[in-house]
Amino acid sequence: MKFELFIAQKLYSDDTEGGKKYSRPAVRIALAGIAIGIAVMIISLSVVLGFKGEVSNKVTGFGSHIQLLSLTYDHNRQMLPVQTGDSLLRIVRSFPEVGHVQRFAVKMGLLKTNSAFCGITFKGLSSEYDTTFLASSLVEGAMPKPDSIANQLLISRRLANQLQLKVGDRVFAYFLSSQSMRARRFRICGIFQTNMSEYDSSYAITDMHTVQRLNGWEPGESSGYEITIRDFDQLSDVTLRMAQKINNHPDSRGVIYGVYSIVELAPHTFSWLSVLDMNVVMIIILMICVSVFTVVSGLLIIMLDKINMIGIFKALGATNFSIRRVFANFSILLVGKGLLIGNIVGFLLCYLQQIFHVVRLDASVYYISYVPIQINYLYILLINIITIIITSVVIFGSSHLISISDPSKTMRYE
C-alpha cells in the first residue's frame, strides 16, 4: 500500500471514530453535507422526471404525439373535413417512426340539464382508436362502443358534478348548424377523470359515426389523424419531415392539411415542464456547491488540526506533493462515504414514494394526486461522477496550502 493512502486511511479512521474535538465535528459536517446534497439531487431529478413523464403521458394520451388537421374553412367558418383515405394513410405510415395512426372527429355542442348547461367539444373515436389512456382514467361505467348507434357519452367527473349527472342518466345535447339548432339525446355510459382541467372541462367522448352524422360528413371524412410515434425524443424531427411532405398540398377538393406536434398544440403545458428542467439544474448546481464547500471547509480544518504532523513529515523528507496526496486521498474517502450514504437515502426515499405515494398533491393544481417518481439510473450515475470530479479537483487545489507551511514553525504548533 502506498504511503499516502496508508496515512490517509489512518487519518480518516482517527477523525471519524475518535479524533480531536475540532477535526471530528468537521468530518461529520462534511460527510453530512455530501450525503444530503447527493440525496437531494437524486430526489429532485426523480421528481422532475416523474412529473414530466406523467403530465406528458396525460397530454399525449388525449391528443397523441402529432395531429394532422384540415386548415381550410367553408363559408360558415366551419373546418372542412380531412379525407382520411388510403393515399393519405400511406403517406403517414411511410415514416418508420410512426407507431399508430387513428382517426377522430369533433363537434362543438351544448350539454343541458334542468339545472345547468355547459358548452363542450364532442370527440368521436374511431374503431382503431387506442383507448388505453381513457380506459385507465375511467372511474365509473364503461367506454362508449366505437360502432354503436346508442348515442353513448363518456364525460368527465368535473362535468358530471357540474351537470349533476351519473352513469345511466340521459342528457340532451344541442348543436348549432348553419340553418337551425339540432338536439340529440345521449346516455351517460361512463365517467373519466384525468385531472387535466383543459380536457376534463372541455371534452365529452362518443363514437365517431355519431359525430360524422352530426357534421353531415361521409364515412371517409374526419377531423384528422392522431399519430403516435415510437420515440418521443424524435417528435420535432418527425413533425418537421411530415409537415414538409403534407403541408400546403391540397387534396382533390382543394383542402389544405397541416401537421402539428402536441408541443405546438399544448404549448403552456410543455413550457411549464421546461421550467421544471431549469429548476432541477439549479438545484443540482447548488447542491454540488454545498457539497464542495463542506468538504473543502472540513479539509482546511483538518489540515490546521494536523499542522504539526505536516511539519514532521516535511522534516522527515516528505514532499509537498506527497503530503497533498495524503489529504486528497483522505477527502476522497470522505466523499466516497458521503456519496454512498446519500445514494442509499435518496433511492430509499424515492422507492418509498414510488410504492406508497406518501407525499400527496392537489390534483386540480398539479394534474396528479401524488408526487410522481421516475428513477433514471444513467442520470444519477452522471450526477455522482460529476460530483466526484468537481470535488476532487477543488480538494486537490485547496491542498496547495500545505506547500506554504514552514516545517520549523509547524512542528511547534499546538
# chains A, B, ... in the order shown; residues from 1 in each chain; ligands from 1
call {"tool": "select_by_dssp", "arguments": {"residues": "region 50-170 of chain A", "states": "strand (DSSP E or B)", "output": "VMD selection string"}}
result
chain A and resid 66 to 70 73 79 82 to 83 98 to 112 117 to 125 138 to 141 152 to 156 170
call {"tool": "residues_around", "arguments": {"residues": "region 88-92 of chain A", "least_positions_apart": "6", "cutoff": "12 Å", "atoms": "only C-alpha atoms", "output": "PyMOL selection string"}}
result
chain A and resi 66-69+82+98-103+220-221+224-229+238-239+241-247+249-252+257+259
call {"tool": "write_last_selection", "arguments": {"atoms": "N, CA and C atoms", "output": "compact mmCIF listing (two decimals), in the first residue's frame"}}
result
# COMPACT_ATOMS: atom_id res chain seq x y z
N ILE A 66 -48.70 13.62 -32.59
CA ILE A 66 -48.83 14.50 -33.76
C ILE A 66 -50.28 14.45 -34.24
N GLN A 67 -50.79 15.60 -34.69
CA GLN A 67 -52.13 15.65 -35.27
C GLN A 67 -52.08 16.21 -36.68
N LEU A 68 -52.77 15.55 -37.57
CA LEU A 68 -52.93 16.02 -38.95
C LEU A 68 -54.34 16.59 -39.08
N LEU A 69 -54.44 17.89 -39.34
CA LEU A 69 -55.72 18.59 -39.33
C LEU A 69 -55.95 19.33 -40.64
N VAL A 82 -61.14 16.19 -43.21
CA VAL A 82 -59.98 15.57 -43.84
C VAL A 82 -60.44 14.29 -44.53
N VAL A 98 -43.41 6.16 -37.09
CA VAL A 98 -44.84 6.13 -36.73
C VAL A 98 -45.21 4.77 -36.17
N GLY A 99 -45.83 4.79 -34.98
CA GLY A 99 -46.23 3.54 -34.35
C GLY A 99 -47.71 3.23 -34.51
N HIS A 100 -48.56 4.28 -34.46
CA HIS A 100 -50.01 4.05 -34.55
C HIS A 100 -50.67 5.29 -35.15
N VAL A 101 -51.71 5.05 -35.96
CA VAL A 101 -52.47 6.13 -36.59
C VAL A 101 -53.95 5.87 -36.33
N GLN A 102 -54.68 6.91 -35.93
CA GLN A 102 -56.11 6.76 -35.63
C GLN A 102 -56.88 7.99 -36.05
N ARG A 103 -58.09 7.77 -36.55
CA ARG A 103 -58.96 8.87 -36.95
C ARG A 103 -59.77 9.37 -35.76
N GLY A 220 -65.81 8.39 -44.95
CA GLY A 220 -64.37 8.56 -45.15
C GLY A 220 -63.84 9.92 -44.76
N GLU A 221 -64.68 10.73 -44.08
CA GLU A 221 -64.28 12.08 -43.68
C GLU A 221 -64.18 12.16 -42.15
N GLY A 224 -59.42 14.57 -38.61
CA GLY A 224 -57.99 14.40 -38.86
C GLY A 224 -57.48 13.09 -38.32
N TYR A 225 -56.16 12.99 -38.31
CA TYR A 225 -55.46 11.82 -37.77
C TYR A 225 -54.73 12.21 -36.50
N GLU A 226 -54.73 11.32 -35.54
CA GLU A 226 -53.82 11.41 -34.40
C GLU A 226 -52.75 10.35 -34.59
N ILE A 227 -51.49 10.78 -34.50
CA ILE A 227 -50.36 9.92 -34.85
C ILE A 227 -49.46 9.74 -33.63
N THR A 228 -49.17 8.51 -33.29
CA THR A 228 -48.26 8.19 -32.20
C THR A 228 -46.94 7.70 -32.77
N ILE A 229 -45.84 8.26 -32.29
CA ILE A 229 -44.52 7.82 -32.74
C ILE A 229 -43.86 6.98 -31.65
N VAL A 238 -39.64 14.34 -36.62
CA VAL A 238 -40.68 13.66 -37.39
C VAL A 238 -41.76 14.64 -37.82
N THR A 239 -42.16 15.54 -36.92
CA THR A 239 -43.18 16.54 -37.26
C THR A 239 -42.73 17.42 -38.42
N ARG A 241 -40.47 16.75 -40.81
CA ARG A 241 -40.40 15.99 -42.07
C ARG A 241 -41.79 15.66 -42.59
N MET A 242 -42.72 15.35 -41.67
CA MET A 242 -44.08 15.05 -42.09
C MET A 242 -44.78 16.29 -42.63
N ALA A 243 -44.52 17.44 -41.99
CA ALA A 243 -45.12 18.69 -42.45
C ALA A 243 -44.60 19.07 -43.85
N GLN A 244 -43.32 18.85 -44.10
CA GLN A 244 -42.76 19.15 -45.41
C GLN A 244 -43.40 18.30 -46.51
N LYS A 245 -43.85 17.12 -46.14
CA LYS A 245 -44.43 16.21 -47.13
C LYS A 245 -45.93 16.41 -47.31
N ILE A 246 -46.61 16.93 -46.27
CA ILE A 246 -48.07 17.01 -46.30
C ILE A 246 -48.59 18.44 -46.36
N ASN A 247 -47.99 19.35 -45.61
CA ASN A 247 -48.50 20.73 -45.54
C ASN A 247 -48.52 21.38 -46.92
N HIS A 249 -50.21 20.92 -49.45
CA HIS A 249 -50.50 20.08 -50.61
C HIS A 249 -51.99 19.74 -50.59
N PRO A 250 -52.83 20.49 -51.32
CA PRO A 250 -54.28 20.29 -51.25
C PRO A 250 -54.71 18.94 -51.83
N ASP A 251 -55.85 18.45 -51.31
CA ASP A 251 -56.40 17.23 -51.87
C ASP A 251 -57.26 17.55 -53.08
N SER A 252 -58.04 16.59 -53.53
CA SER A 252 -58.84 16.78 -54.75
C SER A 252 -59.91 17.86 -54.62
N TYR A 257 -53.99 20.59 -45.66
CA TYR A 257 -53.79 19.96 -44.37
C TYR A 257 -52.58 20.56 -43.66
N VAL A 259 -49.79 19.72 -40.22
CA VAL A 259 -49.28 18.74 -39.26
C VAL A 259 -48.73 19.50 -38.06
call {"tool": "atom_distance", "arguments": {"atom1": "CA of Pro267 (chain A)", "atom2": "CA of Ala105 (chain A)"}}
result
22.1 Å
call {"tool": "closest_residue", "arguments": {"among": "A:Phe104, A:Tyr73, A:Tyr174, A:Phe232", "to": "Val211 (chain A)", "atoms": "only C-alpha atoms"}}
result
A:Phe104
call {"tool": "residues_around", "arguments": {"residues": "Thr210 (chain A)", "least_positions_apart": "3", "cutoff": "8 Å", "atoms": "only C-alpha atoms", "output": "PyMOL selection string"}}
result
chain A and resi 124+149+151+206-207+213-214
call {"tool": "residues_around", "arguments": {"residues": "Glu198 (chain A)", "least_positions_apart": "5", "cutoff": "12 Å", "atoms": "only C-alpha atoms", "output": "count of residues only"}}
result
17
call {"tool": "closest_residue", "arguments": {"among": "A:His209, A:Arg324, A:Lys10, A:His357", "to": "Ser398 (chain A)", "atoms": "only C-alpha atoms"}}
result
A:Arg324
call {"tool": "select_by_dssp", "arguments": {"residues": "region 206-334 of chain A", "states": "alpha helix (DSSP H)", "output": "PyMOL selection string"}}
result
chain A and resi 208-215+235-246+262-265+267-305+307-315+320-334
call {"tool": "atom_distance", "arguments": {"atom1": "CA of Ala32 (chain A)", "atom2": "CA of Ser44 (chain A)"}}
result
17.8 Å
call {"tool": "residues_around", "arguments": {"residues": "Pro81 (chain A)", "least_positions_apart": "3", "cutoff": "7 Å", "atoms": "only C-alpha atoms", "output": "list in words"}}
result
Ser70, Glu221, Ser222 and Ser223 of chain A
call {"tool": "write_last_selection", "arguments": {"atoms": "C-alpha atoms", "output": "mmCIF file, in the first residue's frame"}}
result
data_model
loop_
_atom_site.group_PDB
_atom_site.id
_atom_site.type_symbol
_atom_site.label_atom_id
_atom_site.label_comp_id
_atom_site.auth_asym_id
_atom_site.auth_seq_id
_atom_site.Cartn_x
_atom_site.Cartn_y
_atom_site.Cartn_z
ATOM 1 C CA SER A 70 -57.569 20.490 -42.018
ATOM 2 C CA GLU A 221 -64.275 12.083 -43.676
ATOM 3 C CA SER A 222 -62.996 13.052 -40.237
ATOM 4 C CA SER A 223 -61.409 15.911 -38.308
#
